[in-house]
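Encoded as structure tokens, the structure appears first; notes follow it.
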Amino acid sequence: MNNIVVKVTYRDSDFREAIVLANNKLSYTWLLFPCILIFIAGILYAGMTNGFSTKVIALFTIYLLILMWFIYRLYLLPLNQYKTITKSKQEYHYSFSMDLVFLRTEHRETKYEWSFFKKVIESRNLFLLYYEKNRFIILPKRCFDNSDIDSFVQLLENVHHLLYSKIL
């Protein structure tokens, strides 16, 4: 199998989609979001019908703070970590072989063995190569040649320790 070479210039939409995919599809914590909204709506309704007592205002404040933390922790914080990449407008050159993943940028060159990666998630538009629980390399499919996508999937399936999942 030949090396698969991919040149990536990231867009903000790549990071947004990856973070939403990582949080929505792989973590059940997003189920808390509607629950918190229901609690806030219930507290507001109780306050409007029975008057806004100190207890109601305190509960509203607590749930509102939880909601704000939730949005910050699961969406804004990860998004800001990756946004520095798009600001640099730097090109990332990846080369994939049966043995190694090679990354080259303007300032560095890095070789990773496949054992560095734990799992791969494929979506409609992206591949996410996880190297830690919440850390991953984003590979937009738009950067692959059409024939290379099939070869890349075949390569991923041949890396024996790697958990490969497809979410479309």
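Scheme for the structure tokens: letters A, B, ... for chains in order shown; per-chain residue numbers from 1; ligand numbers from 1 in order shown.
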
#### Entry: Spatial neighbours of Asp145 of chain A, max dist 9 Å, only C-alpha atoms, sep filter under 4 positions, as a ChimeraX atom specification
/A:6,141,149

### Residue nearest Ile62 of chain A among A:Leu77, A:Met48, A:Ile36, A:Ile121 (counting only C-alpha atoms)
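Closest candidate: A:Ile36.
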
### Neighbour list for segment 66-69 of chain A as a VMD selection string, cut-off 10 Å, only C-alpha atoms, skip fewer than 3 positions in-chain
chain A and resid 32 to 37 40 60 to 63 72 to 76

Sort by chain and increasing residue number a table of all residues of segment 37-106 of chain A within 12 Å of segment 152-162 of chain A, each with its closest pair of atoms and their distance in Å to one decimal, counting only C-alpha atoms, and write it as CSV.
```
residue,atom,partner,partner_atom,distance
A:Tyr94,CA,A:Phe152,CA,11.9
A:Ser95,CA,A:Phe152,CA,10.6
A:Phe96,CA,A:Phe152,CA,8.0
A:Ser97,CA,A:Leu155,CA,7.9
A:Met98,CA,A:Leu155,CA,6.8
A:Asp99,CA,A:Val159,CA,8.8
A:Leu100,CA,A:Val159,CA,10.6
A:Val101,CA,A:Leu155,CA,11.3
```

### Query
What is the atom CA of Glu132 of chain A to atom CA of Ser115 of chain A distance in Å?
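Pair atom CA of Glu132 of chain A / atom CA of Ser115 of chain A returns 11.7 Å.
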
### Message
Quick one: residues within 9 Å of Phe136 of chain A, only C-alpha atoms, excluding same-chain residues fewer than 5 positions away - as a list in words?
### Response
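Answer for this query is Phe117, Val120, Leu128, Leu129, Tyr130 and Tyr131 of chain A.
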
### Query
Can you list, as a VMD selection string, every residue of segment 15-152 of chain A that DSSP puts in strand (DSSP E)?
chain A and resid 91 to 96 100 to 104 109 to 113 119 to 122 126 to 132 135 to 140

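The closest residue to Arg135 of chain A, picked from A:Lys118, A:Gly47, A:Tyr10, A:Ser151 and counting only C-alpha atoms, is A:Lys118.
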
### Message
Quick check for you: according to DSSP on this backbone, which residues of chain A are classed as helix (DSSP H, G or I)? Reply as a PyMOL selection string.
### Response
chain A and resi 12-26+28-50+54-88+114-116+141-143+146-158

Written selection (C-alpha atoms) as an mmCIF file, in the first residue's frame:
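out.cif was written with the following content:
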```cif
data_model
loop_
_atom_site.group_PDB
_atom_site.id
_atom_site.type_symbol
_atom_site.label_atom_id
_atom_site.label_comp_id
_atom_site.auth_asym_id
_atom_site.auth_seq_id
_atom_site.Cartn_x
_atom_site.Cartn_y
_atom_site.Cartn_z
ATOM 1 C CA ASP A 12 -13.158 27.133 11.898
ATOM 2 C CA SER A 13 -16.005 24.895 10.734
ATOM 3 C CA ASP A 14 -13.718 21.845 10.964
ATOM 4 C CA PHE A 15 -13.129 22.470 14.665
ATOM 5 C CA ARG A 16 -16.756 23.253 15.444
ATOM 6 C CA GLU A 17 -17.916 20.080 13.755
ATOM 7 C CA ALA A 18 -15.245 17.969 15.458
ATOM 8 C CA ILE A 19 -16.061 19.299 18.914
ATOM 9 C CA VAL A 20 -19.797 18.880 18.441
ATOM 10 C CA LEU A 21 -19.179 15.365 17.142
ATOM 11 C CA ALA A 22 -16.911 14.498 20.059
ATOM 12 C CA ASN A 23 -19.366 15.868 22.627
ATOM 13 C CA ASN A 24 -22.685 14.849 21.071
ATOM 14 C CA LYS A 25 -21.925 11.453 19.630
ATOM 15 C CA LEU A 26 -19.408 10.147 22.111
ATOM 16 C CA TYR A 28 -23.776 11.437 27.198
ATOM 17 C CA THR A 29 -23.085 14.650 29.106
ATOM 18 C CA TRP A 30 -24.998 16.619 26.474
ATOM 19 C CA LEU A 31 -28.154 14.932 27.782
ATOM 20 C CA LEU A 32 -27.801 17.166 30.833
ATOM 21 C CA PHE A 33 -28.263 20.267 28.706
ATOM 22 C CA PRO A 34 -32.054 19.902 28.156
ATOM 23 C CA CYS A 35 -32.482 18.841 31.784
ATOM 24 C CA ILE A 36 -30.816 22.019 33.023
ATOM 25 C CA LEU A 37 -32.934 24.102 30.627
ATOM 26 C CA ILE A 38 -36.100 22.416 31.933
ATOM 27 C CA PHE A 39 -35.065 23.134 35.519
ATOM 28 C CA ILE A 40 -34.408 26.791 34.679
ATOM 29 C CA ALA A 41 -37.772 27.080 32.889
ATOM 30 C CA GLY A 42 -39.506 25.438 35.856
ATOM 31 C CA ILE A 43 -37.853 27.800 38.311
ATOM 32 C CA LEU A 44 -38.827 30.810 36.192
ATOM 33 C CA TYR A 45 -42.414 29.551 35.955
ATOM 34 C CA ALA A 46 -42.568 28.966 39.721
ATOM 35 C CA GLY A 47 -41.138 32.412 40.322
ATOM 36 C CA MET A 48 -43.637 34.087 38.010
ATOM 37 C CA THR A 49 -46.644 32.285 39.500
ATOM 38 C CA ASN A 50 -45.644 32.329 43.182
ATOM 39 C CA THR A 54 -34.933 34.309 47.760
ATOM 40 C CA LYS A 55 -34.977 30.523 47.349
ATOM 41 C CA VAL A 56 -36.280 30.767 43.772
ATOM 42 C CA ILE A 57 -33.691 33.393 42.841
ATOM 43 C CA ALA A 58 -30.916 31.272 44.407
ATOM 44 C CA LEU A 59 -32.022 28.141 42.507
ATOM 45 C CA PHE A 60 -32.263 30.102 39.264
ATOM 46 C CA THR A 61 -28.765 31.508 39.782
ATOM 47 C CA ILE A 62 -27.289 28.094 40.583
ATOM 48 C CA TYR A 63 -28.794 26.420 37.534
ATOM 49 C CA LEU A 64 -27.839 29.316 35.313
ATOM 50 C CA LEU A 65 -24.236 29.063 36.509
ATOM 51 C CA ILE A 66 -24.267 25.304 35.885
ATOM 52 C CA LEU A 67 -25.568 25.926 32.363
ATOM 53 C CA MET A 68 -22.876 28.526 31.683
ATOM 54 C CA TRP A 69 -20.145 26.197 33.002
ATOM 55 C CA PHE A 70 -21.558 23.389 30.897
ATOM 56 C CA ILE A 71 -21.420 25.410 27.677
ATOM 57 C CA TYR A 72 -17.953 26.754 28.511
ATOM 58 C CA ARG A 73 -16.443 23.389 29.459
ATOM 59 C CA LEU A 74 -17.891 21.255 26.679
ATOM 60 C CA TYR A 75 -17.888 23.669 23.753
ATOM 61 C CA LEU A 76 -16.088 26.999 24.172
ATOM 62 C CA LEU A 77 -12.956 25.756 25.936
ATOM 63 C CA PRO A 78 -12.171 22.982 23.407
ATOM 64 C CA LEU A 79 -13.025 25.297 20.512
ATOM 65 C CA ASN A 80 -10.639 27.997 21.761
ATOM 66 C CA GLN A 81 -7.842 25.448 22.139
ATOM 67 C CA TYR A 82 -8.054 24.631 18.448
ATOM 68 C CA LYS A 83 -8.759 28.147 17.146
ATOM 69 C CA THR A 84 -5.103 29.112 17.448
ATOM 70 C CA ILE A 85 -4.432 26.623 14.655
ATOM 71 C CA THR A 86 -6.773 28.376 12.228
ATOM 72 C CA LYS A 87 -5.397 31.792 13.105
ATOM 73 C CA SER A 88 -1.942 30.717 11.987
ATOM 74 C CA TRP A 114 0.144 3.980 15.116
ATOM 75 C CA SER A 115 0.299 2.763 18.722
ATOM 76 C CA PHE A 116 0.185 6.448 19.768
ATOM 77 C CA LYS A 141 -12.336 14.577 4.259
ATOM 78 C CA ARG A 142 -12.328 17.518 1.829
ATOM 79 C CA CYS A 143 -8.511 17.405 1.995
ATOM 80 C CA ASN A 146 -11.573 10.594 -3.359
ATOM 81 C CA SER A 147 -9.612 7.393 -3.870
ATOM 82 C CA ASP A 148 -7.457 8.133 -0.816
ATOM 83 C CA ILE A 149 -10.464 8.119 1.527
ATOM 84 C CA ASP A 150 -11.151 4.451 0.784
ATOM 85 C CA SER A 151 -7.455 3.612 1.098
ATOM 86 C CA PHE A 152 -7.262 5.490 4.396
ATOM 87 C CA VAL A 153 -10.286 3.630 5.807
ATOM 88 C CA GLN A 154 -8.703 0.349 4.715
ATOM 89 C CA LEU A 155 -5.458 1.380 6.416
ATOM 90 C CA LEU A 156 -7.327 2.227 9.638
ATOM 91 C CA GLU A 157 -9.075 -1.132 9.613
ATOM 92 C CA ASN A 158 -5.698 -2.884 9.255
#
```
